[in-house]
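Chemist: Structure file upload-v7.txt (compact mmCIF, C-alpha atoms and all ligand atoms) right here:
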# COMPACT_ATOMS: atom_id res chain seq x y z
CA MET A 1 -16.04 -25.41 -1.92
CA PRO A 2 -14.26 -22.60 -0.07
CA SER A 3 -16.61 -20.75 2.22
CA THR A 4 -17.62 -17.24 1.25
CA THR A 5 -16.53 -14.72 3.86
CA PRO A 6 -19.41 -12.25 4.32
CA ASN A 7 -17.22 -9.15 4.66
CA ALA A 8 -14.62 -10.16 2.11
CA ALA A 9 -13.70 -7.30 -0.18
CA ILE A 10 -12.00 -9.64 -2.63
CA GLU A 11 -13.05 -13.27 -2.98
CA ALA A 12 -11.31 -15.32 -5.66
CA THR A 13 -11.98 -19.02 -6.03
CA ASP A 14 -9.63 -21.41 -7.79
CA LEU A 15 -8.51 -19.02 -10.50
CA ARG A 16 -6.75 -20.59 -13.44
CA LYS A 17 -5.41 -18.81 -16.46
CA ALA A 18 -3.59 -20.28 -19.41
CA TYR A 19 -2.14 -18.41 -22.37
CA GLY A 20 -2.12 -21.17 -24.96
CA SER A 21 -0.08 -23.96 -23.40
CA GLU A 22 1.51 -21.57 -20.87
CA VAL A 23 -0.20 -21.90 -17.45
CA ALA A 24 0.11 -18.49 -15.76
CA LEU A 25 -2.20 -19.19 -12.80
CA ASP A 26 -2.75 -22.62 -11.41
CA GLY A 27 -5.56 -22.44 -8.85
CA VAL A 28 -5.38 -19.18 -6.92
CA SER A 29 -7.93 -18.59 -4.16
CA LEU A 30 -8.00 -15.43 -2.08
CA SER A 31 -10.29 -14.10 0.61
CA ILE A 32 -9.32 -10.59 1.63
CA PRO A 33 -11.36 -8.77 4.30
CA SER A 34 -12.44 -5.15 3.89
CA GLY A 35 -10.04 -2.60 5.32
CA THR A 36 -6.99 -4.75 4.64
CA VAL A 37 -3.76 -3.71 2.96
CA TYR A 38 -2.79 -6.91 1.18
CA GLY A 39 0.78 -7.13 -0.07
CA PHE A 40 0.96 -9.35 -3.13
CA LEU A 41 4.46 -10.63 -3.71
CA GLY A 42 6.14 -12.90 -6.19
CA PRO A 43 9.17 -13.10 -8.46
CA ASN A 44 9.09 -11.87 -12.07
CA GLY A 45 6.68 -13.95 -14.11
CA ALA A 46 4.92 -15.47 -11.05
CA GLY A 47 1.53 -14.27 -12.29
CA LYS A 48 0.88 -11.12 -10.25
CA THR A 49 -0.24 -8.90 -13.11
CA THR A 50 -2.32 -11.74 -14.52
CA THR A 51 -4.03 -12.10 -11.12
CA MET A 52 -4.71 -8.36 -10.89
CA ARG A 53 -6.22 -8.32 -14.36
CA LEU A 54 -8.57 -11.14 -13.35
CA LEU A 55 -9.45 -9.52 -10.01
CA THR A 56 -10.37 -6.26 -11.77
CA GLY A 57 -12.37 -8.01 -14.48
CA LEU A 58 -10.05 -6.81 -17.26
CA SER A 59 -9.28 -10.33 -18.31
CA ARG A 60 -11.31 -13.54 -18.06
CA PRO A 61 -9.98 -16.57 -16.18
CA SER A 62 -9.78 -19.94 -17.92
CA SER A 63 -11.77 -21.10 -14.88
CA GLY A 64 -12.65 -19.83 -11.41
CA THR A 65 -14.61 -16.87 -10.12
CA VAL A 66 -13.99 -13.45 -8.58
CA ARG A 67 -16.26 -11.26 -6.51
CA VAL A 68 -15.33 -7.79 -5.35
CA ARG A 69 -17.52 -6.51 -2.50
CA GLY A 70 -19.89 -9.32 -3.43
CA VAL A 71 -20.18 -8.23 -7.07
CA PRO A 72 -19.12 -10.76 -9.72
CA VAL A 73 -16.38 -9.06 -11.76
CA THR A 74 -18.24 -10.02 -14.90
CA ASP A 75 -20.82 -7.36 -13.94
CA ARG A 76 -18.75 -4.46 -15.24
CA ARG A 77 -21.41 -1.79 -14.71
CA LYS A 78 -21.69 -2.54 -10.98
CA LEU A 79 -17.97 -3.19 -10.60
CA ALA A 80 -16.63 0.04 -12.11
CA PRO A 81 -17.48 2.42 -9.23
CA LEU A 82 -16.14 -0.07 -6.65
CA VAL A 83 -12.71 -0.63 -8.10
CA GLY A 84 -9.64 1.51 -8.77
CA TYR A 85 -6.70 0.08 -10.68
CA LEU A 86 -3.24 1.44 -11.20
CA PRO A 87 -1.73 -0.87 -13.81
CA GLU A 88 1.97 -1.30 -14.52
CA THR A 89 1.64 0.85 -17.65
CA PRO A 90 -1.00 3.44 -16.80
CA PRO A 91 -3.24 4.84 -19.51
CA LEU A 92 -2.57 8.58 -19.85
CA TYR A 93 -3.12 10.96 -22.73
CA ASP A 94 0.09 12.79 -23.64
CA GLU A 95 -1.91 15.68 -25.12
CA PHE A 96 -3.76 16.34 -21.86
CA SER A 97 -2.36 18.18 -18.89
CA ALA A 98 -2.61 16.38 -15.51
CA ARG A 99 -5.59 18.55 -14.61
CA GLU A 100 -7.37 17.76 -17.89
CA GLN A 101 -6.58 14.06 -17.51
CA LEU A 102 -8.04 13.98 -14.01
CA GLU A 103 -11.09 16.01 -15.05
CA TYR A 104 -11.64 13.62 -17.94
CA VAL A 105 -11.42 10.54 -15.70
CA ALA A 106 -13.65 12.12 -13.03
CA ASP A 107 -16.27 12.72 -15.71
CA LEU A 108 -15.91 9.18 -17.05
CA ARG A 109 -16.38 7.84 -13.51
CA ASP A 110 -19.39 10.08 -12.82
CA VAL A 111 -17.75 11.85 -9.89
CA PRO A 112 -20.01 14.80 -8.93
CA ARG A 113 -18.47 18.08 -10.20
CA GLU A 114 -17.86 19.65 -6.80
CA ASP A 115 -16.22 16.51 -5.40
CA ALA A 116 -14.15 16.13 -8.55
CA HIS A 117 -12.83 19.68 -8.35
CA ARG A 118 -11.95 19.35 -4.66
CA ARG A 119 -10.29 15.96 -5.04
CA ILE A 120 -8.30 16.93 -8.14
CA GLU A 121 -6.82 19.99 -6.42
CA GLU A 122 -6.14 17.93 -3.30
CA TYR A 123 -4.30 15.19 -5.20
CA LEU A 124 -2.35 17.63 -7.34
CA ASP A 125 -1.20 19.33 -4.17
CA ARG A 126 -0.53 16.11 -2.29
CA PHE A 127 1.71 14.80 -5.06
CA ASP A 128 3.47 18.11 -5.78
CA LEU A 129 1.92 18.42 -9.23
CA THR A 130 0.12 21.75 -8.85
CA ALA A 131 2.85 23.83 -10.50
CA ASP A 132 2.87 21.53 -13.55
CA ALA A 133 -0.83 20.71 -13.61
CA ASP A 134 -1.49 22.64 -16.82
CA ARG A 135 1.51 21.37 -18.76
CA ARG A 136 1.11 18.52 -21.28
CA ILE A 137 1.63 15.04 -19.78
CA GLY A 138 3.83 14.32 -22.81
CA THR A 139 6.44 16.62 -21.23
CA TYR A 140 6.32 14.94 -17.79
CA SER A 141 9.02 12.86 -16.15
CA LYS A 142 8.32 9.18 -15.36
CA GLY A 143 7.61 10.02 -11.72
CA MET A 144 5.19 12.84 -12.61
CA ARG A 145 3.32 10.48 -14.93
CA GLN A 146 3.17 7.85 -12.19
CA LYS A 147 1.80 10.34 -9.66
CA THR A 148 -0.85 11.52 -12.14
CA ALA A 149 -1.81 7.90 -12.81
CA PHE A 150 -2.01 7.17 -9.10
CA ALA A 151 -4.36 10.13 -8.56
CA GLN A 152 -6.48 8.96 -11.47
CA SER A 153 -6.88 5.48 -9.96
CA VAL A 154 -8.30 6.84 -6.68
CA LEU A 155 -10.24 9.84 -7.94
CA HIS A 156 -13.65 8.14 -7.72
CA ASP A 157 -12.92 7.00 -4.15
CA PRO A 158 -13.11 3.26 -4.87
CA ASP A 159 -13.81 0.73 -2.10
CA VAL A 160 -11.10 -1.56 -3.42
CA LEU A 161 -7.86 -0.24 -4.85
CA PHE A 162 -5.49 -2.39 -6.90
CA LEU A 163 -1.97 -1.04 -7.21
CA ASP A 164 0.66 -2.61 -9.46
CA GLU A 165 4.12 -1.25 -8.53
CA PRO A 166 2.71 2.14 -7.45
CA THR A 167 6.11 3.53 -6.46
CA ALA A 168 7.86 2.73 -9.76
CA GLY A 169 9.98 5.72 -10.77
CA LEU A 170 9.13 7.79 -7.69
CA ASP A 171 11.55 9.77 -5.54
CA PRO A 172 11.69 9.07 -1.78
CA LYS A 173 9.30 11.91 -0.91
CA ALA A 174 6.69 10.65 -3.36
CA VAL A 175 7.18 7.07 -2.14
CA ARG A 176 6.44 8.24 1.37
CA ARG A 177 3.33 10.11 0.20
CA ILE A 178 2.03 6.94 -1.49
CA ARG A 179 2.81 4.85 1.58
CA GLU A 180 0.98 7.30 3.84
CA PHE A 181 -1.93 7.44 1.43
CA VAL A 182 -2.28 3.64 1.37
CA VAL A 183 -2.37 3.43 5.17
CA GLU A 184 -4.86 6.32 5.50
CA TYR A 185 -7.04 4.93 2.76
CA ALA A 186 -7.29 1.51 4.39
CA ASP A 187 -7.84 3.08 7.82
CA ALA A 188 -10.88 4.78 6.33
CA GLY A 189 -12.29 1.32 5.50
CA ALA A 190 -11.09 0.71 1.95
CA THR A 191 -9.13 -2.33 0.83
CA VAL A 192 -5.78 -2.00 -0.91
CA PHE A 193 -4.30 -4.81 -2.98
CA LEU A 194 -0.68 -3.89 -3.42
CA SER A 195 1.72 -5.66 -5.74
CA THR A 196 5.32 -4.54 -5.45
CA HIS A 197 8.87 -5.81 -5.38
CA ILE A 198 9.79 -3.20 -2.75
CA LEU A 199 9.49 -5.43 0.31
CA PRO A 200 10.23 -2.80 2.98
CA ILE A 201 7.11 -0.94 1.78
CA VAL A 202 5.03 -4.07 2.17
CA GLU A 203 6.56 -4.65 5.58
CA ALA A 204 5.62 -1.09 6.56
CA VAL A 205 2.01 -1.02 5.35
CA ALA A 206 0.58 -4.52 4.80
CA ASP A 207 -1.77 -6.27 7.22
CA ALA A 208 -1.43 -9.48 5.23
CA VAL A 209 0.79 -10.77 2.48
CA GLY A 210 0.43 -13.44 -0.13
CA VAL A 211 3.40 -14.90 -1.98
CA LEU A 212 2.75 -16.09 -5.49
CA PHE A 213 5.20 -18.52 -7.06
CA ASP A 214 4.75 -20.17 -10.39
CA GLY A 215 1.03 -19.37 -10.52
CA ARG A 216 0.21 -20.55 -6.99
CA VAL A 217 -0.07 -18.87 -3.61
CA VAL A 218 2.71 -20.59 -1.66
CA ALA A 219 2.56 -18.54 1.56
CA GLU A 220 -0.05 -16.25 3.08
CA GLY A 221 -0.68 -14.49 6.39
CA ALA A 222 0.43 -11.55 8.49
CA PRO A 223 3.89 -10.33 7.38
CA GLU A 224 5.44 -11.41 10.71
CA ALA A 225 3.83 -14.85 10.46
CA VAL A 226 5.04 -15.38 6.89
CA THR A 227 8.50 -14.26 7.93
CA ALA A 228 8.49 -16.59 10.95
CA ARG A 229 7.18 -19.56 8.98
CA ALA A 230 9.76 -19.22 6.25
CA GLU A 231 12.46 -20.35 8.70
CA ALA A 232 14.66 -17.64 7.36
CA GLY A 233 16.29 -17.38 10.76
CA GLU A 234 15.98 -15.04 13.70
CA ASN A 235 15.79 -11.32 12.90
CA ALA A 236 14.82 -12.21 9.34
CA SER A 237 13.17 -9.55 7.20
CA LEU A 238 10.29 -10.09 4.84
CA GLU A 239 12.86 -9.95 2.07
CA ASP A 240 14.80 -12.86 3.63
CA ALA A 241 11.55 -14.79 3.93
CA PHE A 242 10.54 -13.98 0.36
CA LEU A 243 13.86 -15.23 -0.98
CA GLU A 244 13.62 -18.36 1.16
CA ILE A 245 10.06 -19.11 0.03
CA THR A 246 10.66 -18.47 -3.65
CA GLY A 247 14.09 -20.06 -3.84
CA GLY A 248 15.79 -16.78 -4.72
CA GLY A 249 18.29 -16.84 -1.83
CA ASP A 250 20.97 -19.45 -2.41
CA GLY A 251 18.75 -21.33 -4.85
CA SER A 252 18.32 -24.32 -2.51
CA ARG A 253 14.52 -24.38 -2.88
CA VAL A 254 14.79 -24.33 -6.65
CA ALA A 255 17.36 -27.10 -6.53
CA GLU A 256 15.04 -29.15 -4.30
CA ALA A 257 12.15 -28.62 -6.69
CA GLU A 258 14.24 -29.79 -9.60
CA GLU A 259 15.43 -32.99 -7.96
N1 LIG A 301 -0.64 -11.98 -22.85
C1 LIG A 301 0.15 -13.01 -22.55
N2 LIG A 301 0.42 -13.98 -23.43
C2 LIG A 301 1.19 -15.04 -23.13
N3 LIG A 301 1.77 -15.22 -21.92
C3 LIG A 301 1.54 -14.29 -20.98
C4 LIG A 301 0.73 -13.13 -21.24
N4 LIG A 301 0.69 -12.38 -20.11
C5 LIG A 301 1.45 -13.03 -19.20
N5 LIG A 301 1.95 -14.17 -19.71
C6 LIG A 301 2.82 -15.15 -19.02
O1 LIG A 301 2.20 -15.46 -17.78
C7 LIG A 301 3.17 -15.55 -16.75
C8 LIG A 301 2.83 -14.58 -15.64
O2 LIG A 301 3.03 -13.24 -16.11
P1 LIG A 301 2.67 -11.95 -15.22
O3 LIG A 301 2.88 -10.75 -16.08
O4 LIG A 301 1.32 -12.13 -14.63
O5 LIG A 301 3.78 -12.05 -14.07
P2 LIG A 301 4.17 -10.99 -12.94
O6 LIG A 301 4.23 -11.77 -11.66
O7 LIG A 301 3.29 -9.81 -12.98
O8 LIG A 301 5.65 -10.60 -13.39
P3 LIG A 301 6.53 -9.24 -13.17
O9 LIG A 301 6.92 -9.20 -11.71
O10 LIG A 301 7.71 -9.50 -14.04
O11 LIG A 301 5.70 -8.08 -13.62
C9 LIG A 301 4.54 -15.32 -17.41
O12 LIG A 301 5.11 -16.57 -17.71
C10 LIG A 301 4.18 -14.58 -18.68
O13 LIG A 301 5.12 -14.87 -19.70
Please render this file's structure as structure tokens.
Ligand SMILES: Nc1ncnc2c1ncn2[C@@H]1O[C@H](COP(=O)(O)OP(=O)(O)OP(=O)(O)O)[C@@H](O)[C@H]1O
Modeler:
Amino acid sequence: MPSTTPNAAIEATDLRKAYGSEVALDGVSLSIPSGTVYGFLGPNGAGKTTTMRLLTGLSRPSSGTVRVRGVPVTDRRKLAPLVGYLPETPPLYDEFSAREQLEYVADLRDVPREDAHRRIEEYLDRFDLTADADRRIGTYSKGMRQKTAFAQSVLHDPDVLFLDEPTAGLDPKAVRRIREFVVEYADAGATVFLSTHILPIVEAVADAVGVLFDGRVVAEGAPEAVTARAEAGENASLEDAFLEITGGGDGSRVAEAEE
């Protein structure tokens, strides 16, 4: 049995998930301390979204357990205030304006009125949405939708924030704002679980990374350690290491696996 780390924000034990005969996750265990920015990497189809859905209690594993801040994710009532989740396809109402959407979510999450008002204005301002805050989301660009969805995922000030490709569709200024937010948020004691294909962002913000490949964690540790261990050569970047680990460079790892 893996030991339970007392201050772990996210503790997953031997998670398995099959969709019919398709095995998406094949024994994933994670122990992520509070205050960590954890970069979750893996090629398309590795199982990242599946893992995030299990870690946030949105989907049930075939076997294995998850606790977030000590709360079993099956306890949805206790879990909801602790967790924020920005999924790949965020749920937004086209008929609402950004301000109405955020007010609606704040209400749903029981954020006290004063706090909600202050935070909504702060996030609208931070993500350059104030001028468009009363326009229908249905008229927004992809980036404006993404920024609204990001604000909605953090509005209740969750202890543990799960972000699936948070910078998708964002311009460089907005990417920087998200990056800065992630660092500040973790510095204030929260935990951020960040799944993205943009490796320089992970390199810039993550305290630890995990590389998922074919439903298993195949490398884990500090970004520098993962890079060093991948034997990707001197001066290698996390991207070089990622490609080495997952066989996406010259394909040699894949060829080895197929022999
Ligand atoms: N609802 C589903 N039904 C059947 N198979 C699924 C379902 N959801 C995911 N899968 C399969 O599980 C595997 C992992 O998918 P997942 O979406 O978790 O990968 P991912 O790492 O998030 O990929 P990407 O980087 O492309 O978003 C894939 O083989 C996928 O086809």
Chemist: What's the 10 Å shell around Ala80 in chain A, counting only C-alpha atoms, without same-chain residues fewer than 6 positions away, as a PyMOL selection string?
Modeler: chain A and resi 56-57+73+109+156+158
Chemist: Name the residues, by chain letter and number, that sit within 6 Å of ligand LIG 301 (chain A) using only C-alpha atoms and all ligand atoms, and give them as a list in words.
Modeler: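 Listed by chain and ascending number, the contacts are Tyr19, Ala24, Gly42, Pro43, Asn44, Gly45, Ala46, Gly47, Lys48, Thr49 and Thr50 of chain A.
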Chemist: I need the chosen residues saved as a JSON list (two decimals), in the coordinates of the input, with C-alpha atoms.
Modeler:
[["chain", "number", "residue", "atom", "x", "y", "z"],
["A", 19, "TYR", "CA", -2.14, -18.41, -22.37],
["A", 24, "ALA", "CA", 0.11, -18.49, -15.76],
["A", 42, "GLY", "CA", 6.14, -12.90, -6.19],
["A", 43, "PRO", "CA", 9.17, -13.10, -8.46],
["A", 44, "ASN", "CA", 9.09, -11.87, -12.07],
["A", 45, "GLY", "CA", 6.68, -13.95, -14.11],
["A", 46, "ALA", "CA", 4.92, -15.47, -11.05],
["A", 47, "GLY", "CA", 1.53, -14.27, -12.29],
["A", 48, "LYS", "CA", 0.88, -11.12, -10.25],
["A", 49, "THR", "CA", -0.24, -8.90, -13.11],
["A", 50, "THR", "CA", -2.32, -11.74, -14.52]]
Chemist: In terms of the shortest atom-to-atom distance over all atoms listed in the file, which of A:Phe127, A:Val160, A:Tyr104, A:Val211 is closest to Ala188 in chain A?
Modeler: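 Answer, going by the shortest atom-to-atom distance: A:Val160.
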Chemist: Check the smallest atom-to-atom distance from each of A:Ala241, A:Ile201, A:Val209, A:Leu55 to Arg229 in chain A using only C-alpha atoms, then report the winner.
Modeler: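 Closest to Arg229 in chain A of all the choices is A:Ala241.
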Chemist: Just want the 10 Å neighbourhood of Asn7 in chain A, counted on all atoms listed in the file, with same-chain residues fewer than 2 positions away dropped. Output as a ChimeraX atom specification.
Modeler: /A:4-5,9-11,31-35,69-70
Chemist: Give me, as a list in words, all polymer residues having an atom no more than 10 Å from Val218 in chain A, counting all atoms listed in the file and skipping those fewer than 4 positions away in the same chain.
Modeler: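 That gives Val28, Gly42, Gly210, Val211, Leu212, Phe213, Asp214, Ile245 and Thr246 of chain A.
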Chemist: Determine, for each residue of range 20-122 of chain A having at least one atom at most 8 Å from an atom of range 130-146 of chain A, the closest pair of atoms and their separation in Å to one decimal, counting all atoms listed in the file; order by chain and ascending number, as JSON lines.
Modeler:
{"residue": "A:Pro90", "atom": "CA", "partner": "A:Gln146", "partner_atom": "CA", "distance": 7.6}
{"residue": "A:Leu92", "atom": "CA", "partner": "A:Ile137", "partner_atom": "CA", "distance": 7.7}
{"residue": "A:Tyr93", "atom": "CA", "partner": "A:Ile137", "partner_atom": "CA", "distance": 6.9}
{"residue": "A:Asp94", "atom": "CA", "partner": "A:Gly138", "partner_atom": "CA", "distance": 4.1}
{"residue": "A:Glu95", "atom": "CA", "partner": "A:Arg136", "partner_atom": "CA", "distance": 5.7}
{"residue": "A:Phe96", "atom": "CA", "partner": "A:Arg136", "partner_atom": "CA", "distance": 5.4}
{"residue": "A:Ser97", "atom": "CA", "partner": "A:Arg136", "partner_atom": "CA", "distance": 4.2}
{"residue": "A:Ala98", "atom": "CA", "partner": "A:Ala133", "partner_atom": "CA", "distance": 5.1}
{"residue": "A:Arg99", "atom": "CA", "partner": "A:Ala133", "partner_atom": "CA", "distance": 5.3}
{"residue": "A:Glu100", "atom": "CA", "partner": "A:Asp134", "partner_atom": "CA", "distance": 7.7}
{"residue": "A:Glu121", "atom": "CA", "partner": "A:Thr130", "partner_atom": "CA", "distance": 7.6}
Chemist: Residues within 12 Å of Asp107 in chain A, please, as a list in words. Count only C-alpha atoms; anything in the same chain fewer than 5 positions from it doesn't count.
Modeler: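 Everything that qualifies: Glu100, Gln101, Leu102, Pro112, Arg113, Glu114, Asp115, Ala116, His117, Ile120, Gln152, Leu155 and His156 of chain A.
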